[in-house]
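J.: Have a look at this one.
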Amino acid sequence: MTTVDDSPSTPLGGTVSSSTGNGAAAAPTQSFSVPRRYFADSSDWESELERIFRHSWLFVAHESEIPEPGDYVTRLMGTDQVIVSRTESGDVRTMLNSCTHRGTLLCKADVGNASHFRCGYHGWTFANDGKLTGVPRYRELYGADFDKASFNLRAARTESFHGLLFATFDADQVSLRDYLGDMAFYLECFLGVSAAGTEAPYGAFRFLHQGNWKLEADNFSGDGYHLRHAHRAGFDLGLMGSQAGSTEGVCIQFEHGHTIRAQRTAGVEEIAFPGYPEERWPEIRSQLSPAQVEMFANSTVMHGTIFPNLSFLHTPRAGGFDPGDVDAAMVQLRVFNPVGPDTTDELCWLVAPTDYAEDWKESAFKTMQRQHGATAFFESDDMENFRRMLQVNSGVETRARVAANFDLAHDHAPYEAWFDGPGNIVGSDISEVNQRWFYQHYLDLMEG
Ligand code: FES
Ligand code: FE
């Protein structure tokens with residue numbers, strides 16, 4: 001007869017947190033792990049939608065996607081389908097894409113221009129600001145006193161940060177600017193380089209991937225550890241572009257669970273902005289504060305996650321991909337919408353300064369598509385791991401008794417921080433400090 005040890009084979013949870021001066025939860029100070037069920041379990045996925053996605057600011061579109069009155073895109077906020085519309089008065093509205101009569105999907109297109117949306121079932125018609133304007137035969141069938149205003153589309157709060165549109169259905173959530181908090185300082189480094197602002201010149205790219213949404217969000221939050229292993233072929237084949245000298249990095253954490261990892265070329269006195277046209281460097285210096293210039297100068301990469309599901313990656317690439325390509329800096333935005341515990345609906349955008357030359361934008365776009373497009377070499381490496389993690393995390397024993405570990409550089413952060421600015425800065429380039437931060441906030445919301 002055999003006996004079964006029913007104790008967890010690795011610690012489940014087991015974190016310690018405290019409060020910091022800025023109100024953010026402190027980083028976990030003990031061994032940190034996340035139960036694997038959170039990466040595969042349907043009931044936990046339902047809880048995420050209710051506890052996290054329903055209350056967070058969620059990225060829905062770049063303003064440049066809907067420049068004219070009537071322009072709209074249809075998007076997801078978690079599993080809720082929404083229309084993001086530029087109204088006749090120029091405001092942006094984010095509204096549930098569901099007819100208020102019996103609930104049919106109202107707009108079936110991904111993108112378009114319309115003054116009104118007419119339901120395909122019984123013909124109710126809504127203006128592009130969500131007001132119900134037309135109900136067939138309503139005097140005869142509902143009565144002349146039928147109150148159309150009580151059937152307007154349900155609207156979310158919508159706010160913009162440097163052209164990035166976020167929405168939330170939580171009336172009590174803080175403003176978007178307060179939600180971003182100190183992270184705004186760092187986002188402005190690459191969103192604020194030009195006085196003309198930014199645009200998403202090639203629109204949005206969409207694909208499904210078989211994996212849990214958090215795996216990508218945590219990867220972008222600060223996983224410098226996987227680069228030389230998961231992406232080794234890219235380095236060996238010289239596909240990663242040139243990088244001068246050695247690098248040093250910092251991890252930065254913010255209230256509400258946001259994170260950034262920033263890396264720069266080490267030991268360079270001269271202030272340079274790799275990837276940006278040299279004639280634009282004076283403008284960058286005037287656009288950014290001295291502290292932002294210090295953070296952004298000689299940047300080799302900056303990436304992070306705005307909790308819960310918007311990640312970004314800024315990276316310059318010298319020489320582009322093909323002969324004749326100009327130097328450029330790619331800014332990619334990427335949203336992870338969990339349409340199930342095992343399926344993630346992803347949208348990607350290239351974001352570029354509006355008034356930069358077309359060949360600069362094309363070179364940046366090529367970097368995004370060749371490195372991080374749906375079939376690109378970077379993406380394929382990561383997706384293979386994420387698919388395999390889903391495969392094993394779905395196991396019953398695994399979900400019940402095994403945890404994912406995040407103790408890398410727990411007590412051994414080997415570097416001095418080279419930057420002293422907003423947020424909680426940790427001088428640890430290769431570590432899991434940011435993943436611990438992301439998941440601590442996640443667990444606080446899921447288990448609090
Ligand atoms: Fe839209 Fe009836 S469901 S009009
Ligand atoms: Fe990767």
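Each chain of the structure tokens is named A, B, ... in the order shown, its residues numbered from 1; ligands are numbered from 1 in display order.
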Can you list, as a list in words, every protein, DNA or RNA residue that comes within 6 Å of range 303-309 of chain A when you count only C-alpha atoms, leaving out same-chain residues fewer than 3 positions away?

T.: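 In the requested format, the answer is Phe220, Ser221, Gly257, His258, Thr259, Ile260, Arg261, Phe312, Leu313, Val335 and Phe336 of chain A.
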
J.: Taking C-alpha atoms for each residue, export the selection above as a short mmCIF file (atom, residue, chain, number, x, y, z; two decimals), in the first residue's frame.

T.:
```cif
data_model
loop_
_atom_site.label_atom_id
_atom_site.label_comp_id
_atom_site.auth_asym_id
_atom_site.auth_seq_id
_atom_site.Cartn_x
_atom_site.Cartn_y
_atom_site.Cartn_z
CA PHE A 220 6.59 42.44 -19.82
CA SER A 221 6.60 43.65 -16.22
CA GLY A 257 0.47 47.13 -9.34
CA HIS A 258 2.21 48.87 -12.26
CA THR A 259 5.84 48.06 -13.10
CA ILE A 260 8.72 49.17 -15.33
CA ARG A 261 12.13 47.70 -16.16
CA PHE A 312 4.53 48.38 -23.43
CA LEU A 313 7.98 48.00 -24.89
CA VAL A 335 -3.35 44.51 -24.50
CA PHE A 336 -4.21 41.07 -23.12
#
```

J.: Could you name the residues that touch Gln173 in chain A at 9 Å or less, counting only C-alpha atoms, but leaving out those on the same chain fewer than 6 positions away, as a ChimeraX atom specification?

T.: /A:55-57,179

J.: Within 8 Å of ligand 2 (counting only C-alpha atoms and all ligand atoms), which residues show up? I'd like them as a PDB file with all heavy atoms, in the first residue's frame.

T.:
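That gives us out.pdb:
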```
ATOM      1  N   ASN A 219       5.636  38.808 -17.885  1.00  0.00           N
ATOM      2  CA  ASN A 219       6.851  38.809 -18.693  1.00  0.00           C
ATOM      3  C   ASN A 219       7.263  40.242 -19.034  1.00  0.00           C
ATOM      4  O   ASN A 219       8.413  40.639 -18.870  1.00  0.00           O
ATOM      5  CB  ASN A 219       6.596  37.983 -19.959  1.00  0.00           C
ATOM      6  CG  ASN A 219       7.818  37.867 -20.842  1.00  0.00           C
ATOM      7  OD1 ASN A 219       8.143  38.792 -21.568  1.00  0.00           O
ATOM      8  ND2 ASN A 219       8.504  36.740 -20.785  1.00  0.00           N
ATOM      9  N   PHE A 220       6.292  41.039 -19.480  1.00  0.00           N
ATOM     10  CA  PHE A 220       6.585  42.441 -19.816  1.00  0.00           C
ATOM     11  C   PHE A 220       6.873  43.285 -18.575  1.00  0.00           C
ATOM     12  O   PHE A 220       7.471  44.341 -18.672  1.00  0.00           O
ATOM     13  CB  PHE A 220       5.412  43.058 -20.578  1.00  0.00           C
ATOM     14  CG  PHE A 220       5.444  42.813 -22.061  1.00  0.00           C
ATOM     15  CD1 PHE A 220       4.721  41.788 -22.632  1.00  0.00           C
ATOM     16  CD2 PHE A 220       6.210  43.619 -22.890  1.00  0.00           C
ATOM     17  CE1 PHE A 220       4.747  41.564 -23.999  1.00  0.00           C
ATOM     18  CE2 PHE A 220       6.251  43.405 -24.263  1.00  0.00           C
ATOM     19  CZ  PHE A 220       5.510  42.362 -24.822  1.00  0.00           C
ATOM     20  N   ASP A 223      10.738  40.679 -16.904  1.00  0.00           N
ATOM     21  CA  ASP A 223      11.474  39.419 -16.993  1.00  0.00           C
ATOM     22  C   ASP A 223      12.704  39.553 -17.871  1.00  0.00           C
ATOM     23  O   ASP A 223      12.714  39.169 -19.044  1.00  0.00           O
ATOM     24  CB  ASP A 223      10.550  38.303 -17.515  1.00  0.00           C
ATOM     25  CG  ASP A 223      11.147  36.923 -17.268  1.00  0.00           C
ATOM     26  OD1 ASP A 223      12.394  36.803 -17.286  1.00  0.00           O
ATOM     27  OD2 ASP A 223      10.384  35.970 -17.051  1.00  0.00           O
ATOM     28  N   HIS A 226      14.697  35.767 -18.895  1.00  0.00           N
ATOM     29  CA  HIS A 226      14.454  34.787 -19.949  1.00  0.00           C
ATOM     30  C   HIS A 226      15.146  35.124 -21.266  1.00  0.00           C
ATOM     31  O   HIS A 226      15.260  34.281 -22.148  1.00  0.00           O
ATOM     32  CB  HIS A 226      12.944  34.641 -20.192  1.00  0.00           C
ATOM     33  CG  HIS A 226      12.345  35.714 -21.056  1.00  0.00           C
ATOM     34  ND1 HIS A 226      12.330  37.047 -20.703  1.00  0.00           N
ATOM     35  CD2 HIS A 226      11.753  35.646 -22.281  1.00  0.00           C
ATOM     36  CE1 HIS A 226      11.746  37.741 -21.664  1.00  0.00           C
ATOM     37  NE2 HIS A 226      11.388  36.930 -22.630  1.00  0.00           N
ATOM     38  N   LEU A 227      15.617  36.360 -21.392  1.00  0.00           N
ATOM     39  CA  LEU A 227      16.037  36.845 -22.710  1.00  0.00           C
ATOM     40  C   LEU A 227      17.118  35.981 -23.356  1.00  0.00           C
ATOM     41  O   LEU A 227      16.987  35.549 -24.492  1.00  0.00           O
ATOM     42  CB  LEU A 227      16.530  38.288 -22.602  1.00  0.00           C
ATOM     43  CG  LEU A 227      15.439  39.330 -22.325  1.00  0.00           C
ATOM     44  CD1 LEU A 227      16.072  40.675 -22.022  1.00  0.00           C
ATOM     45  CD2 LEU A 227      14.506  39.429 -23.509  1.00  0.00           C
ATOM     46  N   ALA A 230      15.395  31.939 -23.586  1.00  0.00           N
ATOM     47  CA  ALA A 230      14.257  31.717 -24.480  1.00  0.00           C
ATOM     48  C   ALA A 230      14.531  32.297 -25.874  1.00  0.00           C
ATOM     49  O   ALA A 230      14.117  31.735 -26.881  1.00  0.00           O
ATOM     50  CB  ALA A 230      12.988  32.338 -23.899  1.00  0.00           C
ATOM     51  N   HIS A 231      15.222  33.409 -25.919  1.00  0.00           N
ATOM     52  CA  HIS A 231      15.462  34.091 -27.199  1.00  0.00           C
ATOM     53  C   HIS A 231      16.901  33.923 -27.691  1.00  0.00           C
ATOM     54  O   HIS A 231      17.403  34.751 -28.447  1.00  0.00           O
ATOM     55  CB  HIS A 231      15.136  35.581 -27.059  1.00  0.00           C
ATOM     56  CG  HIS A 231      13.722  35.847 -26.634  1.00  0.00           C
ATOM     57  ND1 HIS A 231      12.634  35.391 -27.326  1.00  0.00           N
ATOM     58  CD2 HIS A 231      13.221  36.513 -25.556  1.00  0.00           C
ATOM     59  CE1 HIS A 231      11.517  35.759 -26.710  1.00  0.00           C
ATOM     60  NE2 HIS A 231      11.848  36.441 -25.632  1.00  0.00           N
ATOM     61  N   PHE A 378      10.696  36.609 -31.754  1.00  0.00           N
ATOM     62  CA  PHE A 378      10.577  36.847 -30.317  1.00  0.00           C
ATOM     63  C   PHE A 378       9.278  36.228 -29.799  1.00  0.00           C
ATOM     64  O   PHE A 378       9.237  35.576 -28.767  1.00  0.00           O
ATOM     65  CB  PHE A 378      10.524  38.360 -30.063  1.00  0.00           C
ATOM     66  CG  PHE A 378      11.623  38.870 -29.185  1.00  0.00           C
ATOM     67  CD1 PHE A 378      12.843  39.236 -29.721  1.00  0.00           C
ATOM     68  CD2 PHE A 378      11.436  39.015 -27.824  1.00  0.00           C
ATOM     69  CE1 PHE A 378      13.850  39.724 -28.922  1.00  0.00           C
ATOM     70  CE2 PHE A 378      12.448  39.501 -27.012  1.00  0.00           C
ATOM     71  CZ  PHE A 378      13.664  39.868 -27.561  1.00  0.00           C
ATOM     72  N   GLU A 379       8.225  36.499 -30.563  1.00  0.00           N
ATOM     73  CA  GLU A 379       6.892  36.091 -30.134  1.00  0.00           C
ATOM     74  C   GLU A 379       6.771  34.573 -30.099  1.00  0.00           C
ATOM     75  O   GLU A 379       6.200  33.994 -29.169  1.00  0.00           O
ATOM     76  CB  GLU A 379       5.867  36.671 -31.114  1.00  0.00           C
ATOM     77  CG  GLU A 379       4.525  36.946 -30.529  1.00  0.00           C
ATOM     78  CD  GLU A 379       4.609  37.875 -29.352  1.00  0.00           C
ATOM     79  OE1 GLU A 379       5.494  38.748 -29.322  1.00  0.00           O
ATOM     80  OE2 GLU A 379       3.791  37.720 -28.438  1.00  0.00           O
ATOM     81  N   ASP A 381       9.088  32.365 -29.624  1.00  0.00           N
ATOM     82  CA  ASP A 381       9.804  31.818 -28.466  1.00  0.00           C
ATOM     83  C   ASP A 381       8.930  31.879 -27.224  1.00  0.00           C
ATOM     84  O   ASP A 381       8.807  30.907 -26.465  1.00  0.00           O
ATOM     85  CB  ASP A 381      11.073  32.640 -28.189  1.00  0.00           C
ATOM     86  CG  ASP A 381      12.073  32.594 -29.331  1.00  0.00           C
ATOM     87  OD1 ASP A 381      12.035  31.638 -30.117  1.00  0.00           O
ATOM     88  OD2 ASP A 381      12.900  33.534 -29.409  1.00  0.00           O
ATOM     89  N   ASP A 382       8.347  33.049 -26.979  1.00  0.00           N
ATOM     90  CA  ASP A 382       7.559  33.233 -25.742  1.00  0.00           C
ATOM     91  C   ASP A 382       6.273  32.425 -25.779  1.00  0.00           C
ATOM     92  O   ASP A 382       5.889  31.798 -24.794  1.00  0.00           O
ATOM     93  CB  ASP A 382       7.239  34.718 -25.538  1.00  0.00           C
ATOM     94  CG  ASP A 382       8.463  35.513 -25.117  1.00  0.00           C
ATOM     95  OD1 ASP A 382       9.318  34.949 -24.416  1.00  0.00           O
ATOM     96  OD2 ASP A 382       8.553  36.690 -25.493  1.00  0.00           O
TER      97      ASP A 382
END
```

J.: Quick check, in Å to one decimal: how far apart do CA of Thr158 in chain A and CA of His441 in chain A lie?

T.: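 About the pair CA of Thr158 in chain A and CA of His441 in chain A: they are 23.4 Å apart.
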
J.: Between A:Phe151, A:Phe53, A:Tyr72, A:Phe386, which has the minimum distance to Phe39 in chain A (counting only C-alpha atoms)?

T.: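 The answer is A:Phe386, which sits nearest to Phe39 in chain A.
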
J.: Do a neighbour search on Val392 in chain A at 12 Å with only C-alpha atoms, toss out local chain neighbours closer than 2 positions, and write the hits as a ChimeraX atom specification.

T.: /A:36-37,39-40,211-212,342,385-390,394-399,402-404

J.: Those same residues - N, CA and C atoms - I'd like them written as a CSV table (one decimal), in the first residue's frame.

T.:
```
chain,number,residue,atom,x,y,z
A,36,ARG,N,-0.7,27.6,-9.0
A,36,ARG,CA,-0.8,27.4,-10.4
A,36,ARG,C,-2.3,27.4,-10.9
A,37,ARG,N,-3.2,27.2,-10.0
A,37,ARG,CA,-4.6,27.2,-10.4
A,37,ARG,C,-5.0,28.6,-11.0
A,39,PHE,N,-3.6,30.1,-13.1
A,39,PHE,CA,-3.2,30.2,-14.5
A,39,PHE,C,-4.1,29.3,-15.4
A,40,ALA,N,-5.0,28.6,-14.8
A,40,ALA,CA,-5.8,27.6,-15.6
A,40,ALA,C,-7.2,27.4,-15.2
A,211,GLY,N,-3.0,30.7,-24.1
A,211,GLY,CA,-2.2,30.9,-22.9
A,211,GLY,C,-2.9,31.8,-21.9
A,212,ASN,N,-2.5,31.8,-20.7
A,212,ASN,CA,-3.2,32.7,-19.7
A,212,ASN,C,-2.6,34.1,-19.8
A,342,ASP,N,-7.7,30.0,-20.6
A,342,ASP,CA,-6.7,29.4,-21.5
A,342,ASP,C,-6.5,30.1,-22.9
A,385,ASN,N,6.5,28.8,-24.8
A,385,ASN,CA,6.6,28.6,-23.4
A,385,ASN,C,5.2,28.8,-22.7
A,386,PHE,N,4.5,29.8,-23.1
A,386,PHE,CA,3.2,30.1,-22.5
A,386,PHE,C,2.2,29.0,-22.8
A,387,ARG,N,2.2,28.5,-24.0
A,387,ARG,CA,1.3,27.3,-24.4
A,387,ARG,C,1.7,26.1,-23.5
A,388,ARG,N,2.9,25.9,-23.3
A,388,ARG,CA,3.3,24.7,-22.6
A,388,ARG,C,3.0,24.9,-21.1
A,389,MET,N,3.1,26.1,-20.6
A,389,MET,CA,2.7,26.4,-19.2
A,389,MET,C,1.2,26.1,-19.0
A,390,LEU,N,0.4,26.5,-20.0
A,390,LEU,CA,-1.0,26.3,-19.9
A,390,LEU,C,-1.3,24.8,-19.9
A,394,SER,N,-2.9,23.1,-16.4
A,394,SER,CA,-4.3,22.5,-16.4
A,394,SER,C,-4.4,21.2,-15.7
A,395,GLY,N,-3.3,20.6,-15.4
A,395,GLY,CA,-3.4,19.3,-14.7
A,395,GLY,C,-4.0,19.4,-13.3
A,396,VAL,N,-4.8,18.4,-12.9
A,396,VAL,CA,-5.6,18.5,-11.7
A,396,VAL,C,-4.6,18.6,-10.5
A,397,GLU,N,-3.6,17.7,-10.4
A,397,GLU,CA,-2.7,17.7,-9.4
A,397,GLU,C,-1.9,19.0,-9.3
A,398,THR,N,-1.5,19.5,-10.5
A,398,THR,CA,-0.8,20.7,-10.6
A,398,THR,C,-1.5,21.9,-10.0
A,399,ARG,N,-2.8,22.0,-10.4
A,399,ARG,CA,-3.6,23.1,-10.0
A,399,ARG,C,-3.8,23.0,-8.4
A,402,VAL,N,0.6,22.7,-6.7
A,402,VAL,CA,1.9,23.3,-7.1
A,402,VAL,C,1.8,24.8,-7.3
A,403,ALA,N,2.9,25.5,-7.1
A,403,ALA,CA,2.9,26.9,-7.3
A,403,ALA,C,4.0,27.3,-8.2
A,404,ALA,N,3.8,28.5,-8.8
A,404,ALA,CA,4.9,29.1,-9.6
A,404,ALA,C,5.8,30.0,-8.7
```

J.: With the cut-off set at 10 Å and counting only C-alpha atoms, tabulate each residue of range 340-442 of chain A with an atom at most that distance from an atom of range 264-278 of chain A, showing the nearest atom pair and its distance in Å to one decimal, ordered by chain and increasing number, as a tab-separated table.

T.:
```
residue	atom	partner	partner_atom	distance
A:Tyr356	CA	A:Pro277	CA	8.9
A:Ala357	CA	A:Pro277	CA	9.6
A:Trp360	CA	A:Pro277	CA	8.6
A:Ala364	CA	A:Gly275	CA	9.1
A:Trp418	CA	A:Ala266	CA	9.3
```

J.: Counting only C-alpha atoms and all ligand atoms, what residues are within 8 Å of ligand 1, given as a ChimeraX atom specification?

T.: /A:98-106,118-125,135

J.: Write out as a ChimeraX atom specification each polymer residue whose atoms come within 10 Å of Phe419 in chain A, counting only C-alpha atoms; drop sequence neighbours fewer than 3 positions from it.

T.: /A:249-250,262,291,294-295,416,422,425-427

J.: Can you pull out the residues contacting Gly373 in chain A? Cut-off 12 Å, using only C-alpha atoms, and skip same-chain residues under 4 positions away; I want them as a list in words.

T.: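 Close residues of Gly373 in chain A: Ala204, Phe205, Arg206, Phe207, Gln332, Leu333, Arg334, Glu346, Leu347, Cys348, Trp349, Leu350, Phe365, Lys366, Thr367, Met368, Gln369, Phe377, Phe378, Glu379, Ser380, Asp381, Asp382 and Met383 of chain A.
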
J.: Quick one: everything within 6 Å of Asp327 in chain A, counting only C-alpha atoms, minus sequence neighbours fewer than 5 positions away in the same chain. Send it as a ChimeraX atom specification.

T.: /A:275,317-320

J.: Just the number, please: distance in Å from CA of Val339 in chain A to CA of His314 in chain A, one decimal.

T.: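 CA of His314 in chain A lies at a distance of 26.8 Å from CA of Val339 in chain A.
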
J.: For Gly181 in chain A, please output as a count of residues only all residues within 9 Å (counting only C-alpha atoms; exclusion window: fewer than 4 positions along the same chain).

T.: 7

J.: DSSP on the backbone: which residues in range 341-391 of chain A end up as alpha helix (DSSP H)? Give the answer as a VMD selection string.

T.: chain A and resid 358 to 372 377 to 391

J.: Next, write the just-selected residues to a file, as a PDB file, in the first residue's frame, keeping N, CA and C atoms as the atom set.

T.:
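The new file part.pdb reads:
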```pdb
ATOM      1  N   GLU A 358       8.166  59.417 -42.437  1.00  0.00           N
ATOM      2  CA  GLU A 358       7.538  58.124 -42.741  1.00  0.00           C
ATOM      3  C   GLU A 358       8.539  56.981 -42.691  1.00  0.00           C
ATOM      4  N   ASP A 359       9.783  57.226 -43.166  1.00  0.00           N
ATOM      5  CA  ASP A 359      10.740  56.109 -43.163  1.00  0.00           C
ATOM      6  C   ASP A 359      11.142  55.735 -41.742  1.00  0.00           C
ATOM      7  N   TRP A 360      11.105  56.694 -40.823  1.00  0.00           N
ATOM      8  CA  TRP A 360      11.373  56.385 -39.404  1.00  0.00           C
ATOM      9  C   TRP A 360      10.253  55.504 -38.846  1.00  0.00           C
ATOM     10  N   LYS A 361       9.011  55.884 -39.141  1.00  0.00           N
ATOM     11  CA  LYS A 361       7.878  55.094 -38.645  1.00  0.00           C
ATOM     12  C   LYS A 361       7.891  53.686 -39.238  1.00  0.00           C
ATOM     13  N   GLU A 362       8.226  53.607 -40.538  1.00  0.00           N
ATOM     14  CA  GLU A 362       8.252  52.283 -41.190  1.00  0.00           C
ATOM     15  C   GLU A 362       9.329  51.391 -40.586  1.00  0.00           C
ATOM     16  N   SER A 363      10.477  51.978 -40.267  1.00  0.00           N
ATOM     17  CA  SER A 363      11.555  51.194 -39.672  1.00  0.00           C
ATOM     18  C   SER A 363      11.140  50.703 -38.274  1.00  0.00           C
ATOM     19  N   ALA A 364      10.484  51.581 -37.502  1.00  0.00           N
ATOM     20  CA  ALA A 364       9.996  51.176 -36.175  1.00  0.00           C
ATOM     21  C   ALA A 364       8.933  50.084 -36.308  1.00  0.00           C
ATOM     22  N   PHE A 365       8.086  50.227 -37.315  1.00  0.00           N
ATOM     23  CA  PHE A 365       7.014  49.244 -37.531  1.00  0.00           C
ATOM     24  C   PHE A 365       7.597  47.877 -37.907  1.00  0.00           C
ATOM     25  N   LYS A 366       8.639  47.930 -38.735  1.00  0.00           N
ATOM     26  CA  LYS A 366       9.284  46.681 -39.133  1.00  0.00           C
ATOM     27  C   LYS A 366       9.877  45.982 -37.900  1.00  0.00           C
ATOM     28  N   THR A 367      10.467  46.755 -37.013  1.00  0.00           N
ATOM     29  CA  THR A 367      11.005  46.164 -35.775  1.00  0.00           C
ATOM     30  C   THR A 367       9.898  45.494 -34.989  1.00  0.00           C
ATOM     31  N   MET A 368       8.761  46.158 -34.888  1.00  0.00           N
ATOM     32  CA  MET A 368       7.654  45.565 -34.131  1.00  0.00           C
ATOM     33  C   MET A 368       7.183  44.267 -34.791  1.00  0.00           C
ATOM     34  N   GLN A 369       6.969  44.310 -36.091  1.00  0.00           N
ATOM     35  CA  GLN A 369       6.391  43.143 -36.746  1.00  0.00           C
ATOM     36  C   GLN A 369       7.373  41.982 -36.840  1.00  0.00           C
ATOM     37  N   ARG A 370       8.646  42.283 -37.059  1.00  0.00           N
ATOM     38  CA  ARG A 370       9.610  41.185 -37.223  1.00  0.00           C
ATOM     39  C   ARG A 370      10.029  40.604 -35.872  1.00  0.00           C
ATOM     40  N   GLN A 371      10.054  41.423 -34.839  1.00  0.00           N
ATOM     41  CA  GLN A 371      10.424  40.902 -33.518  1.00  0.00           C
ATOM     42  C   GLN A 371       9.213  40.401 -32.737  1.00  0.00           C
ATOM     43  N   HIS A 372       8.102  41.151 -32.838  1.00  0.00           N
ATOM     44  CA  HIS A 372       6.991  40.904 -31.911  1.00  0.00           C
ATOM     45  C   HIS A 372       5.643  40.723 -32.581  1.00  0.00           C
ATOM     46  N   PHE A 377       9.961  36.140 -34.448  1.00  0.00           N
ATOM     47  CA  PHE A 377      10.827  35.192 -33.738  1.00  0.00           C
ATOM     48  C   PHE A 377      10.775  35.381 -32.223  1.00  0.00           C
ATOM     49  N   PHE A 378      10.696  36.609 -31.754  1.00  0.00           N
ATOM     50  CA  PHE A 378      10.577  36.847 -30.317  1.00  0.00           C
ATOM     51  C   PHE A 378       9.278  36.228 -29.799  1.00  0.00           C
ATOM     52  N   GLU A 379       8.225  36.499 -30.563  1.00  0.00           N
ATOM     53  CA  GLU A 379       6.892  36.091 -30.134  1.00  0.00           C
ATOM     54  C   GLU A 379       6.771  34.573 -30.099  1.00  0.00           C
ATOM     55  N   SER A 380       7.310  33.921 -31.126  1.00  0.00           N
ATOM     56  CA  SER A 380       7.221  32.465 -31.202  1.00  0.00           C
ATOM     57  C   SER A 380       7.907  31.824 -30.005  1.00  0.00           C
ATOM     58  N   ASP A 381       9.088  32.365 -29.624  1.00  0.00           N
ATOM     59  CA  ASP A 381       9.804  31.818 -28.466  1.00  0.00           C
ATOM     60  C   ASP A 381       8.930  31.879 -27.224  1.00  0.00           C
ATOM     61  N   ASP A 382       8.347  33.049 -26.979  1.00  0.00           N
ATOM     62  CA  ASP A 382       7.559  33.233 -25.742  1.00  0.00           C
ATOM     63  C   ASP A 382       6.273  32.425 -25.779  1.00  0.00           C
ATOM     64  N   MET A 383       5.590  32.439 -26.930  1.00  0.00           N
ATOM     65  CA  MET A 383       4.291  31.755 -27.005  1.00  0.00           C
ATOM     66  C   MET A 383       4.428  30.252 -26.789  1.00  0.00           C
ATOM     67  N   GLU A 384       5.527  29.696 -27.280  1.00  0.00           N
ATOM     68  CA  GLU A 384       5.756  28.270 -27.064  1.00  0.00           C
ATOM     69  C   GLU A 384       5.803  27.976 -25.555  1.00  0.00           C
ATOM     70  N   ASN A 385       6.509  28.803 -24.815  1.00  0.00           N
ATOM     71  CA  ASN A 385       6.567  28.589 -23.357  1.00  0.00           C
ATOM     72  C   ASN A 385       5.208  28.814 -22.703  1.00  0.00           C
ATOM     73  N   PHE A 386       4.494  29.832 -23.145  1.00  0.00           N
ATOM     74  CA  PHE A 386       3.202  30.125 -22.517  1.00  0.00           C
ATOM     75  C   PHE A 386       2.187  29.015 -22.799  1.00  0.00           C
ATOM     76  N   ARG A 387       2.224  28.469 -24.036  1.00  0.00           N
ATOM     77  CA  ARG A 387       1.331  27.342 -24.359  1.00  0.00           C
ATOM     78  C   ARG A 387       1.652  26.130 -23.505  1.00  0.00           C
ATOM     79  N   ARG A 388       2.942  25.857 -23.345  1.00  0.00           N
ATOM     80  CA  ARG A 388       3.350  24.692 -22.552  1.00  0.00           C
ATOM     81  C   ARG A 388       2.986  24.877 -21.078  1.00  0.00           C
ATOM     82  N   MET A 389       3.088  26.103 -20.600  1.00  0.00           N
ATOM     83  CA  MET A 389       2.711  26.360 -19.195  1.00  0.00           C
ATOM     84  C   MET A 389       1.220  26.114 -19.002  1.00  0.00           C
ATOM     85  N   LEU A 390       0.422  26.530 -19.978  1.00  0.00           N
ATOM     86  CA  LEU A 390      -1.020  26.276 -19.896  1.00  0.00           C
ATOM     87  C   LEU A 390      -1.295  24.777 -19.881  1.00  0.00           C
ATOM     88  N   GLN A 391      -0.585  24.076 -20.748  1.00  0.00           N
ATOM     89  CA  GLN A 391      -0.765  22.629 -20.868  1.00  0.00           C
ATOM     90  C   GLN A 391      -0.553  21.952 -19.512  1.00  0.00           C
TER      91      GLN A 391
END
```

J.: So, with only C-alpha atoms as the atoms that count, which of A:Arg139, A:Lys148, A:Arg54, A:Arg285 lies closest to Gly78 in chain A?

T.: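 Of all the options, A:Arg54 lies closest to Gly78 in chain A.
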
J.: Please return, as a list in words, all residues of range 320-361 of chain A that DSSP assigns to strand (DSSP E) on the basis of the backbone.

T.: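 Put together, the selection reads Ala328, Ala329, Met330, Val331, Gln332, Leu333, Arg334, Val335, Phe336, Asn337, Pro338, Val339, Gly340, Thr343, Thr344, Asp345, Glu346, Leu347, Cys348, Trp349, Leu350, Ala352 and Pro353 of chain A.
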
J.: Nearest residue to Glu159 in chain A out of A:Gln287, A:Ser31, A:Thr94, A:Asn128, using only C-alpha atoms?

T.: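 Closest to Glu159 in chain A, using only C-alpha atoms: A:Thr94.
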
J.: What does the structure give for the distance between CA of Thr79 in chain A and CA of Gly340 in chain A, in Å to one decimal?

T.: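 Going from CA of Thr79 in chain A over to CA of Gly340 in chain A covers 8.6 Å.
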